[in-house]
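Okay, my_file06.pdb is below, PDB, C-alpha atoms, pLDDT in the B column:
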```
ATOM      1  CA  LEU X   1      -1.715   1.641  18.837  1.00 86.00           C
ATOM      2  CA  ALA X   2      -2.352  -0.765  21.713  1.00 85.00           C
ATOM      3  CA  SER X   3      -2.901   2.115  24.155  1.00 89.00           C
ATOM      4  CA  GLN X   4      -5.330   3.804  21.785  1.00 88.00           C
ATOM      5  CA  ILE X   5      -7.254   0.553  21.297  1.00 87.00           C
ATOM      6  CA  VAL X   6      -7.477   0.026  25.071  1.00 86.00           C
ATOM      7  CA  ASN X   7      -8.647   3.603  25.709  1.00 87.00           C
ATOM      8  CA  ASP X   8     -11.238   3.554  22.928  1.00 87.00           C
ATOM      9  CA  HIS X   9     -12.578   0.164  23.982  1.00 84.00           C
ATOM     10  CA  GLN X  10     -12.852   1.262  27.606  1.00 87.00           C
ATOM     11  CA  LYS X  11     -14.929   4.261  26.495  1.00 88.00           C
ATOM     12  CA  LEU X  12     -17.175   2.039  24.381  1.00 85.00           C
ATOM     13  CA  ASN X  13     -17.558  -0.412  27.293  1.00 83.00           C
ATOM     14  CA  ARG X  14     -18.611   2.428  29.607  1.00 85.00           C
ATOM     15  CA  GLN X  15     -21.201   3.566  27.056  1.00 85.00           C
ATOM     16  CA  LEU X  16     -22.499   0.017  26.722  1.00 79.00           C
ATOM     17  CA  GLN X  17     -22.736  -0.306  30.508  1.00 80.00           C
ATOM     18  CA  GLN X  18     -24.746   2.930  30.640  1.00 82.00           C
ATOM     19  CA  ILE X  19     -27.142   1.600  28.002  1.00 80.00           C
ATOM     20  CA  SER X  20     -27.405  -1.678  29.898  1.00 74.00           C
ATOM     21  CA  SER X  21     -28.163   0.066  33.211  1.00 75.00           C
ATOM     22  CA  LYS X  22     -30.842   2.193  31.585  1.00 75.00           C
ATOM     23  CA  GLN X  23     -32.437  -0.937  30.114  1.00 68.00           C
ATOM     24  CA  SER X  24     -32.194  -2.716  33.481  1.00 63.00           C
ATOM     25  CA  ASN X  25     -33.779   0.209  35.305  1.00 63.00           C
ATOM     26  CA  HIS X  26     -36.662   0.313  32.853  1.00 59.00           C
ATOM     27  CA  SER X  27     -37.344  -3.395  32.937  1.00 54.00           C
ATOM     28  CA  GLY X  28     -36.294  -4.153  36.502  1.00 53.00           C
ATOM     29  CA  ASN X  29     -34.347  -7.085  35.078  1.00 52.00           C
ATOM     30  CA  THR X  30     -30.588  -7.254  34.530  1.00 51.00           C
ATOM     31  CA  GLN X  31     -30.866 -10.050  31.976  1.00 50.00           C
ATOM     32  CA  SER X  32     -32.027  -9.397  28.450  1.00 51.00           C
ATOM     33  CA  PRO X  33     -35.411 -11.030  27.873  1.00 54.00           C
ATOM     34  CA  THR X  34     -34.122 -12.521  24.612  1.00 61.00           C
ATOM     35  CA  VAL X  35     -30.791 -13.946  25.835  1.00 63.00           C
ATOM     36  CA  PRO X  36     -30.908 -16.792  28.371  1.00 73.00           C
ATOM     37  CA  GLN X  37     -28.376 -16.537  31.194  1.00 79.00           C
ATOM     38  CA  GLN X  38     -26.759 -19.802  30.089  1.00 84.00           C
ATOM     39  CA  LEU X  39     -25.870 -18.271  26.710  1.00 79.00           C
ATOM     40  CA  CYS X  40     -24.438 -15.201  28.445  1.00 79.00           C
ATOM     41  CA  ASP X  41     -22.323 -17.489  30.633  1.00 84.00           C
ATOM     42  CA  ILE X  42     -21.103 -19.415  27.574  1.00 88.00           C
ATOM     43  CA  ALA X  43     -20.164 -16.174  25.814  1.00 85.00           C
ATOM     44  CA  ASP X  44     -18.245 -15.006  28.900  1.00 87.00           C
ATOM     45  CA  ARG X  45     -16.382 -18.313  29.099  1.00 91.00           C
ATOM     46  CA  ALA X  46     -15.592 -18.230  25.375  1.00 91.00           C
ATOM     47  CA  CYS X  47     -14.068 -14.753  25.814  1.00 89.00           C
ATOM     48  CA  GLU X  48     -11.967 -15.974  28.740  1.00 92.00           C
ATOM     49  CA  ASN X  49     -10.799 -18.981  26.689  1.00 94.00           C
ATOM     50  CA  ALA X  50      -9.894 -16.775  23.732  1.00 92.00           C
ATOM     51  CA  MET X  51      -7.935 -14.404  25.977  1.00 92.00           C
ATOM     52  CA  GLN X  52      -5.969 -17.255  27.543  1.00 95.00           C
ATOM     53  CA  MET X  53      -5.240 -18.864  24.178  1.00 96.00           C
ATOM     54  CA  THR X  54      -4.116 -15.535  22.739  1.00 95.00           C
ATOM     55  CA  LYS X  55      -1.762 -14.928  25.674  1.00 95.00           C
ATOM     56  CA  GLU X  56      -0.292 -18.411  25.241  1.00 96.00           C
ATOM     57  CA  MET X  57       0.209 -17.782  21.531  1.00 95.00           C
ATOM     58  CA  PHE X  58       1.968 -14.468  22.171  1.00 96.00           C
ATOM     59  CA  ASP X  59       4.327 -16.169  24.623  1.00 97.00           C
ATOM     60  CA  ASN X  60       5.878 -17.939  21.609  1.00 96.00           C
ATOM     61  CA  TYR X  61       6.963 -14.700  19.926  1.00 97.00           C
ATOM     62  CA  ASP X  62       9.244 -11.761  20.543  1.00 96.00           C
ATOM     63  CA  GLY X  63      10.482  -8.721  18.672  1.00 93.00           C
ATOM     64  CA  GLN X  64       9.240  -8.306  15.109  1.00 92.00           C
ATOM     65  CA  ASP X  65       7.485 -11.692  15.199  1.00 93.00           C
ATOM     66  CA  PHE X  66       5.524 -10.612  18.288  1.00 95.00           C
ATOM     67  CA  ASN X  67       4.541  -7.333  16.634  1.00 94.00           C
ATOM     68  CA  MET X  68       3.274  -9.108  13.524  1.00 94.00           C
ATOM     69  CA  ALA X  69       1.432 -11.757  15.588  1.00 95.00           C
ATOM     70  CA  PHE X  70      -0.224  -9.001  17.632  1.00 95.00           C
ATOM     71  CA  LEU X  71      -1.262  -7.079  14.530  1.00 96.00           C
ATOM     72  CA  GLY X  72      -2.601 -10.226  12.853  1.00 95.00           C
ATOM     73  CA  GLN X  73      -4.625 -11.094  15.937  1.00 95.00           C
ATOM     74  CA  GLN X  74      -5.965  -7.534  16.131  1.00 95.00           C
ATOM     75  CA  ALA X  75      -6.962  -7.600  12.451  1.00 96.00           C
ATOM     76  CA  VAL X  76      -8.991 -10.775  13.014  1.00 95.00           C
ATOM     77  CA  ALA X  77     -10.490  -9.542  16.307  1.00 94.00           C
ATOM     78  CA  HIS X  78     -11.547  -6.189  14.850  1.00 95.00           C
ATOM     79  CA  THR X  79     -12.964  -7.813  11.701  1.00 96.00           C
ATOM     80  CA  MET X  80     -15.078 -10.155  13.844  1.00 94.00           C
ATOM     81  CA  MET X  81     -16.209  -7.303  16.087  1.00 93.00           C
ATOM     82  CA  ILE X  82     -17.245  -5.223  13.076  1.00 95.00           C
ATOM     83  CA  ALA X  83     -19.285  -8.186  11.796  1.00 95.00           C
ATOM     84  CA  GLU X  84     -21.004  -8.573  15.174  1.00 92.00           C
ATOM     85  CA  LEU X  85     -21.680  -4.849  15.519  1.00 93.00           C
ATOM     86  CA  LYS X  86     -23.143  -4.674  12.006  1.00 95.00           C
ATOM     87  CA  ALA X  87     -25.488  -7.522  12.956  1.00 93.00           C
ATOM     88  CA  ILE X  88     -26.582  -5.555  16.040  1.00 91.00           C
ATOM     89  CA  GLU X  89     -26.895  -2.419  13.922  1.00 92.00           C
ATOM     90  CA  SER X  90     -29.280  -4.110  11.490  1.00 93.00           C
ATOM     91  CA  THR X  91     -31.182  -6.648  13.609  1.00 91.00           C
ATOM     92  CA  GLY X  92     -30.321  -6.000  17.245  1.00 85.00           C
ATOM     93  CA  PRO X  93     -32.357  -4.265  19.920  1.00 84.00           C
ATOM     94  CA  GLU X  94     -33.265  -0.695  18.994  1.00 86.00           C
ATOM     95  CA  ALA X  95     -31.557   0.628  22.113  1.00 84.00           C
ATOM     96  CA  LEU X  96     -28.221  -0.775  20.901  1.00 87.00           C
ATOM     97  CA  GLN X  97     -28.390   0.201  17.235  1.00 89.00           C
ATOM     98  CA  PRO X  98     -27.035   3.774  17.615  1.00 90.00           C
ATOM     99  CA  PHE X  99     -24.249   2.463  19.854  1.00 90.00           C
ATOM    100  CA  ALA X 100     -23.409  -0.237  17.303  1.00 92.00           C
ATOM    101  CA  SER X 101     -23.201   2.337  14.493  1.00 93.00           C
ATOM    102  CA  GLN X 102     -20.788   4.459  16.490  1.00 91.00           C
ATOM    103  CA  ALA X 103     -18.748   1.437  17.526  1.00 93.00           C
ATOM    104  CA  VAL X 104     -18.491   0.138  13.921  1.00 95.00           C
ATOM    105  CA  SER X 105     -16.895   3.414  12.898  1.00 93.00           C
ATOM    106  CA  LYS X 106     -14.346   3.234  15.733  1.00 93.00           C
ATOM    107  CA  GLN X 107     -13.542  -0.423  15.026  1.00 95.00           C
ATOM    108  CA  GLN X 108     -13.039   0.292  11.322  1.00 96.00           C
ATOM    109  CA  LYS X 109     -10.562   3.053  12.195  1.00 95.00           C
ATOM    110  CA  HIS X 110      -8.658   0.654  14.454  1.00 95.00           C
ATOM    111  CA  LEU X 111      -8.630  -1.999  11.729  1.00 97.00           C
ATOM    112  CA  GLU X 112      -7.227   0.454   9.182  1.00 97.00           C
ATOM    113  CA  LYS X 113      -4.482   1.523  11.602  1.00 96.00           C
ATOM    114  CA  VAL X 114      -3.625  -2.116  12.283  1.00 96.00           C
ATOM    115  CA  LYS X 115      -3.354  -2.825   8.546  1.00 96.00           C
ATOM    116  CA  ARG X 116      -1.196   0.246   7.898  1.00 96.00           C
ATOM    117  CA  LEU X 117       1.127  -0.576  10.781  1.00 96.00           C
ATOM    118  CA  ALA X 118       1.457  -4.206   9.638  1.00 95.00           C
ATOM    119  CA  GLU X 119       2.360  -3.042   6.127  1.00 95.00           C
ATOM    120  CA  LYS X 120       4.931  -0.622   7.538  1.00 94.00           C
ATOM    121  CA  LEU X 121       6.496  -3.249   9.781  1.00 92.00           C
ATOM    122  CA  GLU X 122       6.596  -5.735   6.911  1.00 89.00           C
ATOM    123  CA  LYS X 123       8.337  -3.217   4.631  1.00 89.00           C
ATOM    124  CA  ASP X 124      10.781  -2.277   7.399  1.00 86.00           C
ATOM    125  CA  GLY X 125      11.559  -5.966   7.960  1.00 79.00           C
ATOM    126  CA  GLN X 126      12.145  -6.553   4.248  1.00 80.00           C
ATOM    127  CA  SER X 127      14.473  -3.559   3.918  1.00 80.00           C
ATOM    128  CA  ARG X 128      16.600  -4.842   6.827  1.00 75.00           C
ATOM    129  CA  SER X 129      16.985  -8.300   5.259  1.00 64.00           C
TER
END
```
So, in terms of C-alpha cells, how does the structure I just supplied come out?
Amino acid sequence: LASQIVNDHQKLNRQLQQISSKQSNHSGNTQSPTVPQQLCDIADRACENAMQMTKEMFDNYDGQDFNMAFLGQQAVAHTMMIAELKAIESTGPEALQPFASQAVSKQQKHLEKVKRLAEKLEKDGQSRS
C-alpha cells in the first residue's frame, strides 16, 4: 500500500509540476497572482512540521501498533487532501480543476484501500487475542 501511494503521488506531483510550468511560461511569473509568497512559505513550513511530527509519532510504535498508526494517519491525510482537492475542483483556478478531479478519484481509491486494510488488520489482531 505504501509503495502504491508513493508511486501514485509522485505521478500526480509530476502532473502538477507540468501544469505549474505551463502557467509560469504563459505568465512569465512563477508565483500565482492570487497567492502571496509568504503564504506559500507558510504552507511549505507547515508541511515540513507535519512530516517531522508524524515521524516522531511513528517512532513510538512498532509491529501491529505501527501498522494501525500508519493507516490512521493515512486515513486522516487522504481525507484532508480530498477536501482540499474538492475545493480546488469547485472554486480553484480553471487550469487546476481537471487535475483536481483526477486526483480526487485517486485519493478516494487510496482512502478505501487504507480503510479495508485497517479493518483486515483489526480483525486479524482480534482473532489472535
Practice prompt. Expand the PyMOL selection byres ((chain X and resi 4) around 12) into the individual residues it matches in the shown file, reporting them as a PyMOL selection string.
Written response: chain X and resi 1-3+5-11+106-107+109-110+113-114
Export C-alpha atoms of the chosen residues as an mmCIF file, in the frame of the given file?
```cif
data_model
loop_
_atom_site.group_PDB
_atom_site.id
_atom_site.type_symbol
_atom_site.label_atom_id
_atom_site.label_comp_id
_atom_site.auth_asym_id
_atom_site.auth_seq_id
_atom_site.Cartn_x
_atom_site.Cartn_y
_atom_site.Cartn_z
ATOM 1 C CA LEU X 1 -1.715 1.641 18.837
ATOM 2 C CA ALA X 2 -2.352 -0.765 21.713
ATOM 3 C CA SER X 3 -2.901 2.115 24.155
ATOM 4 C CA ILE X 5 -7.254 0.553 21.297
ATOM 5 C CA VAL X 6 -7.477 0.026 25.071
ATOM 6 C CA ASN X 7 -8.647 3.603 25.709
ATOM 7 C CA ASP X 8 -11.238 3.554 22.928
ATOM 8 C CA HIS X 9 -12.578 0.164 23.982
ATOM 9 C CA GLN X 10 -12.852 1.262 27.606
ATOM 10 C CA LYS X 11 -14.929 4.261 26.495
ATOM 11 C CA LYS X 106 -14.346 3.234 15.733
ATOM 12 C CA GLN X 107 -13.542 -0.423 15.026
ATOM 13 C CA LYS X 109 -10.562 3.053 12.195
ATOM 14 C CA HIS X 110 -8.658 0.654 14.454
ATOM 15 C CA LYS X 113 -4.482 1.523 11.602
ATOM 16 C CA VAL X 114 -3.625 -2.116 12.283
#
```
Item to complete: Excluding X:Ile19 and residues on its chain fewer than 5 positions from it, collect all residues at most 9 Å away from it, counting all atoms listed in the file, and give them as an MDAnalysis selection string.
Response: chainID X and resid 14 24 95:96 99
Taking all listed atoms of stretch 82-87 of chain X, build the axis-aligned box, pad each of the six sides by 6 Å, then write its centre and edge lengths in Å to one decimal as AutoDock Vina command-line options.
```
--center_x -21.4 --center_y -6.6 --center_z 13.7 --size_x 20.2 --size_y 15.9 --size_z 15.7
```
Result set of the PyMOL selection byres ((chain X and resi 65-79) around 12) on the coordinates above, as a PDB file with C-alpha atoms, in the coordinates of the input:
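And here is the file that came out, expr_2.pdb:
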```pdb
ATOM      1  CA  LEU X   1      -1.715   1.641  18.837  1.00 86.00           C
ATOM      2  CA  ALA X   2      -2.352  -0.765  21.713  1.00 85.00           C
ATOM      3  CA  ILE X   5      -7.254   0.553  21.297  1.00 87.00           C
ATOM      4  CA  VAL X   6      -7.477   0.026  25.071  1.00 86.00           C
ATOM      5  CA  HIS X   9     -12.578   0.164  23.982  1.00 84.00           C
ATOM      6  CA  CYS X  47     -14.068 -14.753  25.814  1.00 89.00           C
ATOM      7  CA  ALA X  50      -9.894 -16.775  23.732  1.00 92.00           C
ATOM      8  CA  MET X  51      -7.935 -14.404  25.977  1.00 92.00           C
ATOM      9  CA  MET X  53      -5.240 -18.864  24.178  1.00 96.00           C
ATOM     10  CA  THR X  54      -4.116 -15.535  22.739  1.00 95.00           C
ATOM     11  CA  LYS X  55      -1.762 -14.928  25.674  1.00 95.00           C
ATOM     12  CA  GLU X  56      -0.292 -18.411  25.241  1.00 96.00           C
ATOM     13  CA  MET X  57       0.209 -17.782  21.531  1.00 95.00           C
ATOM     14  CA  PHE X  58       1.968 -14.468  22.171  1.00 96.00           C
ATOM     15  CA  ASP X  59       4.327 -16.169  24.623  1.00 97.00           C
ATOM     16  CA  ASN X  60       5.878 -17.939  21.609  1.00 96.00           C
ATOM     17  CA  TYR X  61       6.963 -14.700  19.926  1.00 97.00           C
ATOM     18  CA  ASP X  62       9.244 -11.761  20.543  1.00 96.00           C
ATOM     19  CA  GLY X  63      10.482  -8.721  18.672  1.00 93.00           C
ATOM     20  CA  GLN X  64       9.240  -8.306  15.109  1.00 92.00           C
ATOM     21  CA  MET X  80     -15.078 -10.155  13.844  1.00 94.00           C
ATOM     22  CA  MET X  81     -16.209  -7.303  16.087  1.00 93.00           C
ATOM     23  CA  ILE X  82     -17.245  -5.223  13.076  1.00 95.00           C
ATOM     24  CA  ALA X  83     -19.285  -8.186  11.796  1.00 95.00           C
ATOM     25  CA  GLU X  84     -21.004  -8.573  15.174  1.00 92.00           C
ATOM     26  CA  LEU X  85     -21.680  -4.849  15.519  1.00 93.00           C
ATOM     27  CA  LYS X  86     -23.143  -4.674  12.006  1.00 95.00           C
ATOM     28  CA  ALA X 103     -18.748   1.437  17.526  1.00 93.00           C
ATOM     29  CA  VAL X 104     -18.491   0.138  13.921  1.00 95.00           C
ATOM     30  CA  SER X 105     -16.895   3.414  12.898  1.00 93.00           C
ATOM     31  CA  LYS X 106     -14.346   3.234  15.733  1.00 93.00           C
ATOM     32  CA  GLN X 107     -13.542  -0.423  15.026  1.00 95.00           C
ATOM     33  CA  GLN X 108     -13.039   0.292  11.322  1.00 96.00           C
ATOM     34  CA  LYS X 109     -10.562   3.053  12.195  1.00 95.00           C
ATOM     35  CA  HIS X 110      -8.658   0.654  14.454  1.00 95.00           C
ATOM     36  CA  LEU X 111      -8.630  -1.999  11.729  1.00 97.00           C
ATOM     37  CA  GLU X 112      -7.227   0.454   9.182  1.00 97.00           C
ATOM     38  CA  LYS X 113      -4.482   1.523  11.602  1.00 96.00           C
ATOM     39  CA  VAL X 114      -3.625  -2.116  12.283  1.00 96.00           C
ATOM     40  CA  LYS X 115      -3.354  -2.825   8.546  1.00 96.00           C
ATOM     41  CA  ARG X 116      -1.196   0.246   7.898  1.00 96.00           C
ATOM     42  CA  LEU X 117       1.127  -0.576  10.781  1.00 96.00           C
ATOM     43  CA  ALA X 118       1.457  -4.206   9.638  1.00 95.00           C
ATOM     44  CA  GLU X 119       2.360  -3.042   6.127  1.00 95.00           C
ATOM     45  CA  LYS X 120       4.931  -0.622   7.538  1.00 94.00           C
ATOM     46  CA  LEU X 121       6.496  -3.249   9.781  1.00 92.00           C
ATOM     47  CA  GLU X 122       6.596  -5.735   6.911  1.00 89.00           C
ATOM     48  CA  LYS X 123       8.337  -3.217   4.631  1.00 89.00           C
ATOM     49  CA  ASP X 124      10.781  -2.277   7.399  1.00 86.00           C
ATOM     50  CA  GLY X 125      11.559  -5.966   7.960  1.00 79.00           C
TER      51      GLY X 125
END
```
Kindly give the distance, in Å, that separates atom CA of X:Thr91 and atom CA of X:Ile42, rounded to a single decimal.
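These two atoms are separated by 21.4 Å.
Atom CA of X:Ser90 is found 13.1 Å from atom CA of X:Gln102.
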In Å and to one decimal, atom CA of X:Ile88 is distant from atom CA of X:Leu39 by 16.6 Å
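For the residues X:Ala100, X:Asp44, X:Arg128, X:Asn49, ranking by smallest atom-to-atom distance to X:Leu12 using only C-alpha atoms places X:Ala100 first.
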